[in-house]
file final_28.txt (compact mmCIF, C-alpha atoms)
# COMPACT_ATOMS: atom_id res chain seq x y z
CA MET A 92 -3.91 14.86 -33.71
CA ASP A 93 -1.45 16.28 -31.15
CA ARG A 94 0.79 14.13 -28.94
CA ARG A 95 -1.46 14.25 -25.87
CA GLN A 96 -4.54 13.29 -27.88
CA PHE A 97 -2.64 10.40 -29.42
CA MET A 98 -1.53 9.18 -25.99
CA MET A 99 -5.05 9.34 -24.61
CA THR A 100 -6.40 7.53 -27.66
CA THR A 101 -3.98 4.63 -27.44
CA GLY A 102 -4.36 4.13 -23.69
CA ALA A 103 -1.57 1.57 -23.81
CA LEU A 104 1.41 2.24 -21.59
CA GLY A 105 3.70 -0.07 -23.48
CA LEU A 106 2.95 1.68 -26.77
CA MET A 107 3.38 5.10 -25.19
CA ALA A 108 6.75 4.10 -23.75
CA GLY A 109 7.97 3.47 -27.29
CA MET A 110 6.82 6.81 -28.71
CA PRO A 111 9.39 9.42 -29.77
CA ARG A 112 10.17 11.92 -27.06
CA LEU A 113 9.60 15.62 -27.52
CA ALA A 114 12.95 17.21 -26.82
CA ALA A 115 11.35 20.54 -25.90
CA ALA A 116 9.43 18.91 -23.04
CA GLN A 117 12.38 16.97 -21.68
CA GLU A 118 13.26 17.86 -18.08
CA ILE A 119 16.16 15.53 -17.22
CA ASP A 120 18.39 14.00 -19.85
CA ASP A 121 19.80 11.08 -17.84
CA LEU A 122 17.89 9.77 -14.80
CA GLU A 123 19.24 7.23 -12.32
CA ILE A 124 16.52 5.28 -10.48
CA PHE A 125 17.80 3.35 -7.49
CA VAL A 126 15.67 0.53 -6.04
CA PRO A 127 16.83 -0.67 -2.58
CA ALA A 128 15.11 -4.03 -3.10
CA ALA A 129 15.29 -7.08 -5.33
CA PRO A 130 13.27 -7.14 -8.59
CA GLY A 131 9.60 -8.04 -8.43
CA GLY A 132 8.42 -6.17 -5.34
CA GLY A 133 6.44 -2.98 -4.89
CA TRP A 134 9.38 -0.55 -4.98
CA ASP A 135 10.69 -2.21 -8.13
CA GLN A 136 7.26 -2.07 -9.76
CA THR A 137 6.96 1.60 -8.81
CA ALA A 138 10.37 2.37 -10.32
CA ARG A 139 9.61 0.61 -13.60
CA VAL A 140 6.18 2.20 -14.04
CA MET A 141 7.73 5.59 -13.23
CA ASP A 142 10.39 5.01 -15.86
CA GLN A 143 7.81 4.08 -18.49
CA VAL A 144 5.59 7.06 -17.75
CA LEU A 145 8.44 9.58 -17.61
CA ARG A 146 9.66 8.33 -20.98
CA ALA A 147 6.16 8.38 -22.44
CA GLU A 148 5.66 11.97 -21.31
CA GLY A 149 9.01 13.04 -22.78
CA LEU A 150 10.20 14.21 -19.36
CA ILE A 151 13.45 12.23 -19.35
CA GLY A 152 15.96 11.02 -21.90
CA SER A 153 17.99 7.96 -21.03
CA SER A 154 17.59 6.22 -17.68
CA ARG A 155 18.94 3.36 -15.66
CA ILE A 156 17.35 1.28 -12.89
CA THR A 157 19.67 -0.26 -10.28
CA ASN A 158 18.47 -2.87 -7.75
CA VAL A 159 20.26 -3.47 -4.45
CA GLY A 160 18.11 -5.67 -2.23
CA GLY A 161 18.13 -6.72 1.40
CA ALA A 162 16.95 -5.86 4.91
CA GLY A 163 14.02 -3.67 3.93
CA GLY A 164 16.18 -1.21 2.03
CA THR A 165 18.75 -0.72 4.78
CA ILE A 166 21.47 -2.35 2.67
CA GLY A 167 20.75 -0.23 -0.38
CA LEU A 168 20.13 3.03 1.49
CA PRO A 169 23.74 3.67 2.56
CA GLN A 170 24.90 2.82 -0.96
CA PHE A 171 22.49 5.38 -2.40
CA ILE A 172 23.68 8.00 0.09
CA ASN A 173 27.37 7.39 -0.58
CA GLN A 174 27.25 6.77 -4.33
CA TYR A 175 24.87 9.53 -5.39
CA SER A 176 25.44 12.29 -2.82
CA GLY A 177 25.12 15.68 -4.49
CA GLU A 178 23.79 14.28 -7.78
CA GLY A 179 20.59 15.98 -8.88
CA ASN A 180 19.58 13.37 -11.46
CA ALA A 181 19.04 10.43 -9.09
CA LEU A 182 15.92 9.12 -7.35
CA MET A 183 15.43 6.26 -4.90
CA THR A 184 12.13 4.49 -4.39
CA GLY A 185 11.12 3.55 -0.86
CA GLY A 186 8.34 3.96 1.65
CA MET A 187 6.71 2.81 4.83
CA VAL A 188 8.48 -0.56 4.71
CA MET A 189 11.87 1.12 4.86
CA VAL A 190 10.84 3.26 7.83
CA GLY A 191 9.87 0.10 9.73
CA ALA A 192 13.02 -1.76 8.71
CA ILE A 193 15.25 1.12 9.83
CA ILE A 194 13.58 1.12 13.26
CA THR A 195 13.51 -2.67 13.65
CA ASN A 196 17.12 -3.13 12.54
CA ASN A 197 18.32 -0.12 14.54
CA SER A 198 20.00 1.01 11.33
CA ALA A 199 22.88 3.48 11.44
CA VAL A 200 21.40 5.29 8.43
CA ASN A 201 17.86 6.59 8.05
CA LEU A 202 15.66 8.65 5.75
CA SER A 203 16.64 11.92 7.44
CA MET A 204 19.92 11.51 5.53
CA VAL A 205 18.29 11.77 2.08
CA THR A 206 16.10 14.41 0.42
CA PRO A 207 12.33 13.73 0.45
CA ILE A 208 10.87 14.49 -2.99
CA ALA A 209 7.35 13.06 -3.16
CA ARG A 210 4.99 10.50 -1.70
CA LEU A 211 3.35 8.87 -4.71
CA THR A 212 0.97 6.06 -3.87
CA GLY A 213 -0.68 4.01 -1.19
CA GLU A 214 -1.75 0.40 -1.31
CA TYR A 215 -3.76 -1.73 1.07
CA LEU A 216 -2.27 -5.10 1.87
CA VAL A 217 -3.78 -8.45 0.92
CA VAL A 218 -3.46 -11.78 2.72
CA VAL A 219 -3.30 -14.71 0.31
CA VAL A 220 -2.93 -18.48 0.52
CA PRO A 221 -1.94 -21.04 -2.13
CA ALA A 222 -4.90 -22.24 -4.18
CA ALA A 223 -4.51 -25.78 -2.81
CA SER A 224 -4.74 -24.58 0.80
CA ASP A 225 -7.62 -25.70 3.02
CA ILE A 226 -7.79 -22.14 4.38
CA ARG A 227 -10.82 -20.45 2.86
CA SER A 228 -11.05 -17.30 4.99
CA LEU A 229 -9.20 -15.17 7.51
CA LYS A 230 -11.27 -16.84 10.24
CA ASP A 231 -9.77 -20.20 9.22
CA LEU A 232 -6.28 -18.70 9.38
CA VAL A 233 -6.93 -17.13 12.78
CA ALA A 234 -8.22 -20.44 14.15
CA MET A 235 -4.93 -22.07 13.14
CA LEU A 236 -3.00 -19.15 14.61
CA LYS A 237 -4.76 -19.46 17.96
CA ALA A 238 -4.27 -23.22 18.09
CA ASP A 239 -0.55 -23.03 17.31
CA PRO A 240 0.98 -19.68 16.25
CA GLY A 241 4.20 -21.33 15.11
CA SER A 242 2.36 -23.58 12.67
CA VAL A 243 1.31 -20.59 10.56
CA SER A 244 4.16 -19.23 8.44
CA TRP A 245 3.73 -15.79 6.87
CA ALA A 246 5.69 -14.82 3.75
CA GLY A 247 6.33 -11.12 3.27
CA GLY A 248 8.87 -8.38 2.86
CA SER A 249 11.51 -7.25 5.30
CA ALA A 250 11.33 -7.63 9.07
CA GLY A 251 9.55 -4.64 10.57
CA GLY A 252 7.99 -3.62 7.26
CA SER A 253 4.29 -3.17 6.53
CA ASP A 254 3.78 -6.88 5.74
CA HIS A 255 5.31 -7.86 9.08
CA MET A 256 3.29 -5.17 10.86
CA LEU A 257 0.05 -6.48 9.38
CA ALA A 258 0.81 -10.06 10.47
CA GLY A 259 1.56 -8.77 13.97
CA LEU A 260 -1.56 -6.60 14.11
CA ILE A 261 -3.75 -9.52 13.01
CA ALA A 262 -2.21 -11.71 15.71
CA GLN A 263 -2.58 -8.98 18.32
CA ALA A 264 -6.25 -8.40 17.39
CA ALA A 265 -6.80 -12.17 17.64
CA GLU A 266 -5.25 -12.11 21.15
CA VAL A 267 -2.17 -14.03 20.03
CA ASP A 268 1.30 -12.84 21.07
CA PRO A 269 2.74 -11.00 18.01
CA LEU A 270 6.21 -12.26 18.92
CA ALA A 271 4.97 -15.83 18.45
CA VAL A 272 4.19 -15.15 14.76
CA SER A 273 6.34 -17.21 12.40
CA TYR A 274 7.20 -14.49 9.90
CA VAL A 275 9.49 -15.30 6.96
CA ALA A 276 11.09 -12.15 5.52
CA PHE A 277 12.10 -12.12 1.85
CA ALA A 278 14.35 -9.59 0.11
CA GLY A 279 12.03 -9.25 -2.88
CA GLY A 280 8.52 -10.02 -4.06
CA GLY A 281 9.76 -12.65 -6.50
CA GLU A 282 11.25 -14.81 -3.74
CA ALA A 283 8.12 -14.52 -1.58
CA MET A 284 5.97 -15.49 -4.56
CA ALA A 285 8.11 -18.56 -5.24
CA ALA A 286 7.65 -19.69 -1.63
CA LEU A 287 3.87 -19.26 -1.90
CA LEU A 288 3.55 -21.02 -5.24
CA GLY A 289 5.78 -23.81 -3.94
CA ASN A 290 3.51 -24.28 -0.88
CA GLN A 291 6.49 -23.61 1.38
CA VAL A 292 4.56 -21.14 3.56
CA THR A 293 1.03 -20.99 4.94
CA CYS A 294 0.13 -17.54 3.68
CA GLY A 295 1.56 -14.36 2.22
CA VAL A 296 1.12 -10.64 2.82
CA SER A 297 1.79 -7.86 0.31
CA GLY A 298 0.16 -5.22 -1.85
CA TRP A 299 -2.45 -6.31 -4.35
CA GLY A 300 -0.22 -5.40 -7.27
CA GLU A 301 2.23 -8.14 -6.34
CA PHE A 302 -0.44 -10.86 -6.13
CA SER A 303 -3.06 -9.85 -8.70
CA GLU A 304 -1.76 -11.88 -11.66
CA GLN A 305 -1.39 -15.10 -9.67
CA VAL A 306 -4.82 -14.63 -8.07
CA ALA A 307 -6.35 -14.08 -11.51
CA ALA A 308 -4.55 -17.21 -12.78
CA GLY A 309 -6.05 -19.27 -9.94
CA ASN A 310 -2.71 -20.02 -8.27
CA LEU A 311 -3.39 -17.95 -5.16
CA ARG A 312 -6.54 -17.10 -3.20
CA ALA A 313 -7.03 -13.71 -1.54
CA ILE A 314 -8.70 -14.09 1.86
CA ALA A 315 -8.49 -10.57 3.31
CA ILE A 316 -7.56 -6.97 2.57
CA SER A 317 -6.43 -4.34 5.09
CA ALA A 318 -8.75 -1.61 3.76
CA PRO A 319 -11.56 0.06 5.73
CA GLU A 320 -14.05 -1.20 3.14
CA ARG A 321 -14.00 -3.51 0.13
CA VAL A 322 -11.95 -2.29 -2.83
CA ALA A 323 -13.48 -2.31 -6.30
CA GLY A 324 -11.82 -4.87 -8.54
CA ILE A 325 -10.37 -6.89 -5.66
CA ASP A 326 -12.42 -9.91 -4.62
CA ALA A 327 -11.39 -10.04 -0.97
CA PRO A 328 -13.33 -9.23 2.22
CA THR A 329 -11.82 -6.74 4.63
CA ILE A 330 -10.12 -7.85 7.82
CA ARG A 331 -12.66 -5.85 9.80
CA GLU A 332 -15.68 -7.60 8.33
CA GLN A 333 -14.10 -10.89 9.40
CA GLY A 334 -14.06 -9.83 13.03
CA LEU A 335 -10.69 -8.13 13.63
CA ASP A 336 -10.29 -4.37 14.03
CA VAL A 337 -7.24 -3.96 11.79
CA GLU A 338 -6.54 -1.52 8.94
CA LEU A 339 -3.21 -0.64 7.31
CA LEU A 340 -2.15 1.41 4.28
CA ASN A 341 1.36 1.06 2.83
CA TRP A 342 2.71 4.21 1.14
CA ARG A 343 5.50 4.50 -1.43
CA ALA A 344 7.63 7.49 -2.29
CA VAL A 345 10.77 8.75 -3.97
CA PHE A 346 13.82 10.41 -2.43
CA ALA A 347 16.83 12.25 -3.85
CA PRO A 348 20.38 11.95 -2.52
CA PRO A 349 21.72 14.25 0.19
CA GLU A 350 23.60 17.46 -0.62
CA ILE A 351 21.76 18.30 -3.84
CA SER A 352 21.22 21.93 -4.80
CA ASP A 353 17.95 23.77 -4.22
CA GLU A 354 17.59 24.04 -8.00
CA ASP A 355 17.98 20.28 -8.48
CA ARG A 356 15.51 19.56 -5.66
CA ALA A 357 12.95 21.91 -7.23
CA ALA A 358 13.50 20.30 -10.66
CA LEU A 359 12.91 16.80 -9.27
CA ILE A 360 9.77 17.89 -7.43
CA ASP A 361 8.53 19.46 -10.67
CA LEU A 362 9.36 16.28 -12.60
CA LEU A 363 7.32 14.09 -10.24
CA THR A 364 4.47 16.61 -10.12
CA LYS A 365 4.20 16.49 -13.91
CA MET A 366 4.35 12.69 -13.87
CA ASP A 367 1.59 12.51 -11.26
CA ALA A 368 -0.65 14.75 -13.37
CA SER A 369 -0.18 12.69 -16.53
CA GLU A 370 -2.84 10.49 -18.07
CA ALA A 371 -0.37 7.60 -18.28
CA TRP A 372 0.33 7.68 -14.53
CA GLN A 373 -3.37 7.89 -13.64
CA THR A 374 -4.01 4.86 -15.86
CA ALA A 375 -1.22 2.94 -14.14
CA LEU A 376 -2.68 3.75 -10.71
CA LYS A 377 -6.08 2.44 -11.77
CA ASP A 378 -4.69 -0.69 -13.41
CA ARG A 379 -2.65 -1.62 -10.33
CA ALA A 380 -5.18 -0.57 -7.67
CA TRP A 381 -2.70 1.95 -6.26
CA ASP A 382 -4.28 4.85 -4.38
CA ARG A 383 -2.99 8.28 -5.39
CA LEU A 384 -1.38 9.89 -2.32
CA PHE A 385 0.72 12.58 -3.96
CA LEU A 386 2.48 14.89 -1.53
CA SER A 387 5.70 16.71 -2.36
CA GLY A 388 8.51 18.82 -0.98
CA ASP A 389 8.25 20.27 2.50
CA GLU A 390 4.78 18.80 3.06
CA PHE A 391 6.07 15.30 2.36
CA ALA A 392 9.10 15.90 4.62
CA ALA A 393 6.77 16.88 7.49
CA TYR A 394 4.56 13.85 6.87
CA LEU A 395 7.61 11.56 6.86
CA GLU A 396 8.70 12.83 10.26
CA GLU A 397 5.21 12.34 11.73
CA ASP A 398 4.71 8.90 10.22
CA THR A 399 8.11 7.69 11.39
CA ALA A 400 7.04 8.44 14.97
CA ARG A 401 3.71 6.64 14.39
CA ILE A 402 5.38 3.56 12.92
CA ARG A 403 7.83 3.42 15.81
CA GLY A 404 4.86 3.36 18.19
CA VAL A 405 3.18 0.50 16.27
CA LEU A 406 6.38 -1.56 16.22
CA GLN A 407 6.97 -0.97 19.94
CA GLY A 408 3.42 -2.11 20.64
CA LEU A 409 4.11 -5.30 18.70
CA GLY A 410 7.37 -5.90 20.53
CA LEU A 411 9.38 -5.42 17.33
CA ALA A 412 11.27 -2.30 18.39
CA GLY A 413 12.92 -0.98 21.54

call {"tool": "encode", "arguments": {"input": "final_28.txt", "output": "structure tokens"}}
result
Amino acid sequence: MDRRQFMMTTGALGLMAGMPRLAAAQEIDDLEIFVPAAPGGGWDQTARVMDQVLRAEGLIGSSRITNVGGAGGTIGLPQFINQYSGEGNALMTGGMVMVGAIITNNSAVNLSMVTPIARLTGEYLVVVVPAASDIRSLKDLVAMLKADPGSVSWAGGSAGGSDHMLAGLIAQAAEVDPLAVSYVAFAGGGEAMAALLGNQVTCGVSGWGEFSEQVAAGNLRAIAISAPERVAGIDAPTIREQGLDVELLNWRAVFAPPEISDEDRAALIDLLTKMDASEAWQTALKDRAWDRLFLSGDEFAAYLEEDTARIRGVLQGLGLAG
């Protein structure tokens, strides 16, 4: 049995991560993965699954994951730029949330200052409430929102990020002023989860991967998903079928530092392309209900420029950006 057959037979990511690497297949000996967010959130999950898969595929040797949280990535981003500039063995996770945070915070640094490598995944957002909540559906939540917008507190990621956008879009579709939404921004998914489980907030917004375990355990209840139609494996009605014309997909990607060589950029694109094609990565996507949205190199750079303009328009419409 060859290595690939063995990996496909086991089907267990944890076991594969512990397998001996094949030195001949190794692409990068020492990889730095920088996460501009606290542990527990979507970027952190993406980084750790990437690390496991790259090790399992024998594409990297040693690696290190560094977390620097705060302000939707705008605290970590300048550190990544300054600390790793010119280094071809470093990657930073990020995505749509960071684009929104940069615009909302009028940040002095932005993603044009790093090197786009690849868009990896997309994930629809889920609205959840604590299991003990009287809210049984999005219609119940909207009724509360219309009666008193300030009485409904929303836990999510950074201000201006996809979670915040979804809360604002729901309010806007319900004919409630988006600026009246009581949105509580957390630096990481772990903090937001603690607030939800402690019944400190009315509801929470994030990707399914961050809520799935607590929903399965009966501690949270999913009341809506921002997909165009119901998603297999997720027991939540869409926002649209509950009367509001709202849909939103949050994408995640990886970036390299500025000032890297063309050879290093090509090597990193090749590394992520091989990871995306692997059986281990495809299994992880399925297990976490992440949509595959792979786009690399110049095509991803063009998409990033277009989507930044689109996100700015959404945030301006919600009164969250100038």

call {"tool": "closest_residue", "arguments": {"input": "final_28.txt", "among": "A:Ala129, A:Ala283, A:Val405, A:Cys294", "to": "Gly191 (chain A)", "atoms": "all atoms listed in the file"}}
result
A:Val405

call {"tool": "residues_around", "arguments": {"input": "final_28.txt", "residues": "Leu257 (chain A)", "least_positions_apart": "6", "cutoff": "10 Å", "atoms": "only C-alpha atoms", "output": "VMD selection string"}}
result
chain A and resid 216 to 218 247 251 263 296 to 297 317 337 to 340

call {"tool": "closest_atom_pairs", "arguments": {"input": "final_28.txt", "of": "region 125-231 of chain A", "to": "region 375-389 of chain A", "cutoff": "10 Å", "atoms": "all atoms listed in the file", "output": "JSON lines"}}
result
{"residue": "A:Gln136", "atom": "CA", "partner": "A:Arg379", "partner_atom": "CA", "distance": 9.9}
{"residue": "A:Thr137", "atom": "CA", "partner": "A:Ala375", "partner_atom": "CA", "distance": 9.9}
{"residue": "A:Val140", "atom": "CA", "partner": "A:Ala375", "partner_atom": "CA", "distance": 7.4}
{"residue": "A:Met141", "atom": "CA", "partner": "A:Ala375", "partner_atom": "CA", "distance": 9.4}
{"residue": "A:Val144", "atom": "CA", "partner": "A:Ala375", "partner_atom": "CA", "distance": 8.7}
{"residue": "A:Thr206", "atom": "CA", "partner": "A:Gly388", "partner_atom": "CA", "distance": 8.9}
{"residue": "A:Pro207", "atom": "CA", "partner": "A:Gly388", "partner_atom": "CA", "distance": 6.5}
{"residue": "A:Ile208", "atom": "CA", "partner": "A:Gly388", "partner_atom": "CA", "distance": 5.3}
{"residue": "A:Ala209", "atom": "CA", "partner": "A:Ser387", "partner_atom": "CA", "distance": 4.1}
{"residue": "A:Arg210", "atom": "CA", "partner": "A:Leu386", "partner_atom": "CA", "distance": 5.1}
{"residue": "A:Leu211", "atom": "CA", "partner": "A:Phe385", "partner_atom": "CA", "distance": 4.6}
{"residue": "A:Thr212", "atom": "CA", "partner": "A:Leu384", "partner_atom": "CA", "distance": 4.8}
{"residue": "A:Gly213", "atom": "CA", "partner": "A:Asp382", "partner_atom": "CA", "distance": 4.9}
{"residue": "A:Glu214", "atom": "CA", "partner": "A:Trp381", "partner_atom": "CA", "distance": 5.3}
{"residue": "A:Tyr215", "atom": "CA", "partner": "A:Trp381", "partner_atom": "CA", "distance": 8.3}

call {"tool": "residues_around", "arguments": {"input": "final_28.txt", "residues": "region 237-246 of chain A", "least_positions_apart": "5", "cutoff": "7 Å", "atoms": "all atoms listed in the file", "output": "ChimeraX atom specification"}}
result
/A:267,271-276,283,292-296

call {"tool": "atom_distance", "arguments": {"input": "final_28.txt", "atom1": "CA of Gly167 (chain A)", "atom2": "CA of Ile261 (chain A)"}}
result
29.4 Å

call {"tool": "atom_distance", "arguments": {"input": "final_28.txt", "atom1": "CA of Ala222 (chain A)", "atom2": "CA of Gln305 (chain A)"}}
result
9.7 Å

call {"tool": "atom_distance", "arguments": {"input": "final_28.txt", "atom1": "CA of His255 (chain A)", "atom2": "CA of Pro348 (chain A)"}}
result
27.5 Å

call {"tool": "build_atoms", "arguments": {"input": "final_28.txt", "residues": "region 138-170 of chain A", "atoms": "N, CA and C atoms", "output": "PDB file, in the coordinates of the input"}}
result
ATOM      1  N   ALA A 138       9.267   1.805  -9.536  1.00  0.00           N
ATOM      2  CA  ALA A 138      10.370   2.370 -10.320  1.00  0.00           C
ATOM      3  C   ALA A 138      10.161   2.138 -11.814  1.00  0.00           C
ATOM      4  N   ARG A 139       9.742   0.944 -12.175  1.00  0.00           N
ATOM      5  CA  ARG A 139       9.610   0.610 -13.600  1.00  0.00           C
ATOM      6  C   ARG A 139       8.418   1.305 -14.247  1.00  0.00           C
ATOM      7  N   VAL A 140       7.317   1.450 -13.498  1.00  0.00           N
ATOM      8  CA  VAL A 140       6.180   2.200 -14.040  1.00  0.00           C
ATOM      9  C   VAL A 140       6.544   3.678 -14.159  1.00  0.00           C
ATOM     10  N   MET A 141       7.238   4.214 -13.149  1.00  0.00           N
ATOM     11  CA  MET A 141       7.730   5.590 -13.230  1.00  0.00           C
ATOM     12  C   MET A 141       8.562   5.797 -14.482  1.00  0.00           C
ATOM     13  N   ASP A 142       9.488   4.902 -14.705  1.00  0.00           N
ATOM     14  CA  ASP A 142      10.390   5.010 -15.860  1.00  0.00           C
ATOM     15  C   ASP A 142       9.607   5.028 -17.160  1.00  0.00           C
ATOM     16  N   GLN A 143       8.628   4.137 -17.274  1.00  0.00           N
ATOM     17  CA  GLN A 143       7.810   4.080 -18.490  1.00  0.00           C
ATOM     18  C   GLN A 143       7.026   5.369 -18.697  1.00  0.00           C
ATOM     19  N   VAL A 144       6.419   5.861 -17.622  1.00  0.00           N
ATOM     20  CA  VAL A 144       5.590   7.060 -17.750  1.00  0.00           C
ATOM     21  C   VAL A 144       6.447   8.291 -18.051  1.00  0.00           C
ATOM     22  N   LEU A 145       7.566   8.425 -17.370  1.00  0.00           N
ATOM     23  CA  LEU A 145       8.440   9.580 -17.610  1.00  0.00           C
ATOM     24  C   LEU A 145       8.955   9.588 -19.049  1.00  0.00           C
ATOM     25  N   ARG A 146       9.245   8.411 -19.582  1.00  0.00           N
ATOM     26  CA  ARG A 146       9.660   8.330 -20.980  1.00  0.00           C
ATOM     27  C   ARG A 146       8.501   8.689 -21.911  1.00  0.00           C
ATOM     28  N   ALA A 147       7.328   8.138 -21.603  1.00  0.00           N
ATOM     29  CA  ALA A 147       6.160   8.380 -22.440  1.00  0.00           C
ATOM     30  C   ALA A 147       5.796   9.861 -22.493  1.00  0.00           C
ATOM     31  N   GLU A 148       5.988  10.552 -21.382  1.00  0.00           N
ATOM     32  CA  GLU A 148       5.660  11.970 -21.310  1.00  0.00           C
ATOM     33  C   GLU A 148       6.781  12.859 -21.849  1.00  0.00           C
ATOM     34  N   GLY A 149       7.906  12.252 -22.264  1.00  0.00           N
ATOM     35  CA  GLY A 149       9.010  13.040 -22.780  1.00  0.00           C
ATOM     36  C   GLY A 149       9.729  13.859 -21.736  1.00  0.00           C
ATOM     37  N   LEU A 150       9.618  13.441 -20.461  1.00  0.00           N
ATOM     38  CA  LEU A 150      10.200  14.210 -19.360  1.00  0.00           C
ATOM     39  C   LEU A 150      11.635  13.821 -19.044  1.00  0.00           C
ATOM     40  N   ILE A 151      12.067  12.658 -19.537  1.00  0.00           N
ATOM     41  CA  ILE A 151      13.450  12.230 -19.350  1.00  0.00           C
ATOM     42  C   ILE A 151      13.993  11.694 -20.668  1.00  0.00           C
ATOM     43  N   GLY A 152      15.324  11.647 -20.746  1.00  0.00           N
ATOM     44  CA  GLY A 152      15.960  11.020 -21.900  1.00  0.00           C
ATOM     45  C   GLY A 152      16.309   9.601 -21.547  1.00  0.00           C
ATOM     46  N   SER A 153      17.582   9.313 -21.415  1.00  0.00           N
ATOM     47  CA  SER A 153      17.990   7.960 -21.030  1.00  0.00           C
ATOM     48  C   SER A 153      17.814   7.778 -19.531  1.00  0.00           C
ATOM     49  N   SER A 154      17.757   6.519 -19.094  1.00  0.00           N
ATOM     50  CA  SER A 154      17.590   6.220 -17.680  1.00  0.00           C
ATOM     51  C   SER A 154      18.189   4.862 -17.370  1.00  0.00           C
ATOM     52  N   ARG A 155      18.420   4.645 -16.090  1.00  0.00           N
ATOM     53  CA  ARG A 155      18.940   3.360 -15.660  1.00  0.00           C
ATOM     54  C   ARG A 155      18.325   3.013 -14.309  1.00  0.00           C
ATOM     55  N   ILE A 156      17.900   1.760 -14.154  1.00  0.00           N
ATOM     56  CA  ILE A 156      17.350   1.280 -12.890  1.00  0.00           C
ATOM     57  C   ILE A 156      18.354   0.322 -12.272  1.00  0.00           C
ATOM     58  N   THR A 157      18.713   0.576 -11.014  1.00  0.00           N
ATOM     59  CA  THR A 157      19.670  -0.260 -10.280  1.00  0.00           C
ATOM     60  C   THR A 157      18.983  -0.855  -9.066  1.00  0.00           C
ATOM     61  N   ASN A 158      19.058  -2.175  -8.912  1.00  0.00           N
ATOM     62  CA  ASN A 158      18.470  -2.870  -7.750  1.00  0.00           C
ATOM     63  C   ASN A 158      19.562  -3.312  -6.786  1.00  0.00           C
ATOM     64  N   VAL A 159      19.387  -2.977  -5.516  1.00  0.00           N
ATOM     65  CA  VAL A 159      20.260  -3.470  -4.450  1.00  0.00           C
ATOM     66  C   VAL A 159      19.350  -3.887  -3.301  1.00  0.00           C
ATOM     67  N   GLY A 160      19.087  -5.184  -3.182  1.00  0.00           N
ATOM     68  CA  GLY A 160      18.110  -5.670  -2.230  1.00  0.00           C
ATOM     69  C   GLY A 160      18.682  -6.020  -0.868  1.00  0.00           C
ATOM     70  N   GLY A 161      17.754  -6.202   0.089  1.00  0.00           N
ATOM     71  CA  GLY A 161      18.130  -6.720   1.400  1.00  0.00           C
ATOM     72  C   GLY A 161      17.723  -5.841   2.560  1.00  0.00           C
ATOM     73  N   ALA A 162      17.223  -6.494   3.611  1.00  0.00           N
ATOM     74  CA  ALA A 162      16.950  -5.860   4.910  1.00  0.00           C
ATOM     75  C   ALA A 162      16.055  -4.624   4.801  1.00  0.00           C
ATOM     76  N   GLY A 163      15.002  -4.745   4.007  1.00  0.00           N
ATOM     77  CA  GLY A 163      14.020  -3.670   3.930  1.00  0.00           C
ATOM     78  C   GLY A 163      14.563  -2.356   3.416  1.00  0.00           C
ATOM     79  N   GLY A 164      15.602  -2.418   2.600  1.00  0.00           N
ATOM     80  CA  GLY A 164      16.180  -1.210   2.030  1.00  0.00           C
ATOM     81  C   GLY A 164      17.370  -0.680   2.794  1.00  0.00           C
ATOM     82  N   THR A 165      17.661  -1.261   3.959  1.00  0.00           N
ATOM     83  CA  THR A 165      18.750  -0.720   4.780  1.00  0.00           C
ATOM     84  C   THR A 165      20.134  -1.124   4.293  1.00  0.00           C
ATOM     85  N   ILE A 166      20.192  -2.045   3.333  1.00  0.00           N
ATOM     86  CA  ILE A 166      21.470  -2.350   2.670  1.00  0.00           C
ATOM     87  C   ILE A 166      21.687  -1.376   1.505  1.00  0.00           C
ATOM     88  N   GLY A 167      20.643  -1.136   0.748  1.00  0.00           N
ATOM     89  CA  GLY A 167      20.750  -0.230  -0.380  1.00  0.00           C
ATOM     90  C   GLY A 167      20.840   1.238   0.014  1.00  0.00           C
ATOM     91  N   LEU A 168      20.172   1.624   1.100  1.00  0.00           N
ATOM     92  CA  LEU A 168      20.130   3.030   1.490  1.00  0.00           C
ATOM     93  C   LEU A 168      21.510   3.656   1.667  1.00  0.00           C
ATOM     94  N   PRO A 169      22.415   3.050   2.433  1.00  0.00           N
ATOM     95  CA  PRO A 169      23.740   3.670   2.560  1.00  0.00           C
ATOM     96  C   PRO A 169      24.494   3.735   1.234  1.00  0.00           C
ATOM     97  N   GLN A 170      24.263   2.763   0.350  1.00  0.00           N
ATOM     98  CA  GLN A 170      24.900   2.820  -0.960  1.00  0.00           C
ATOM     99  C   GLN A 170      24.380   4.006  -1.769  1.00  0.00           C
TER     100      GLN A 170
END
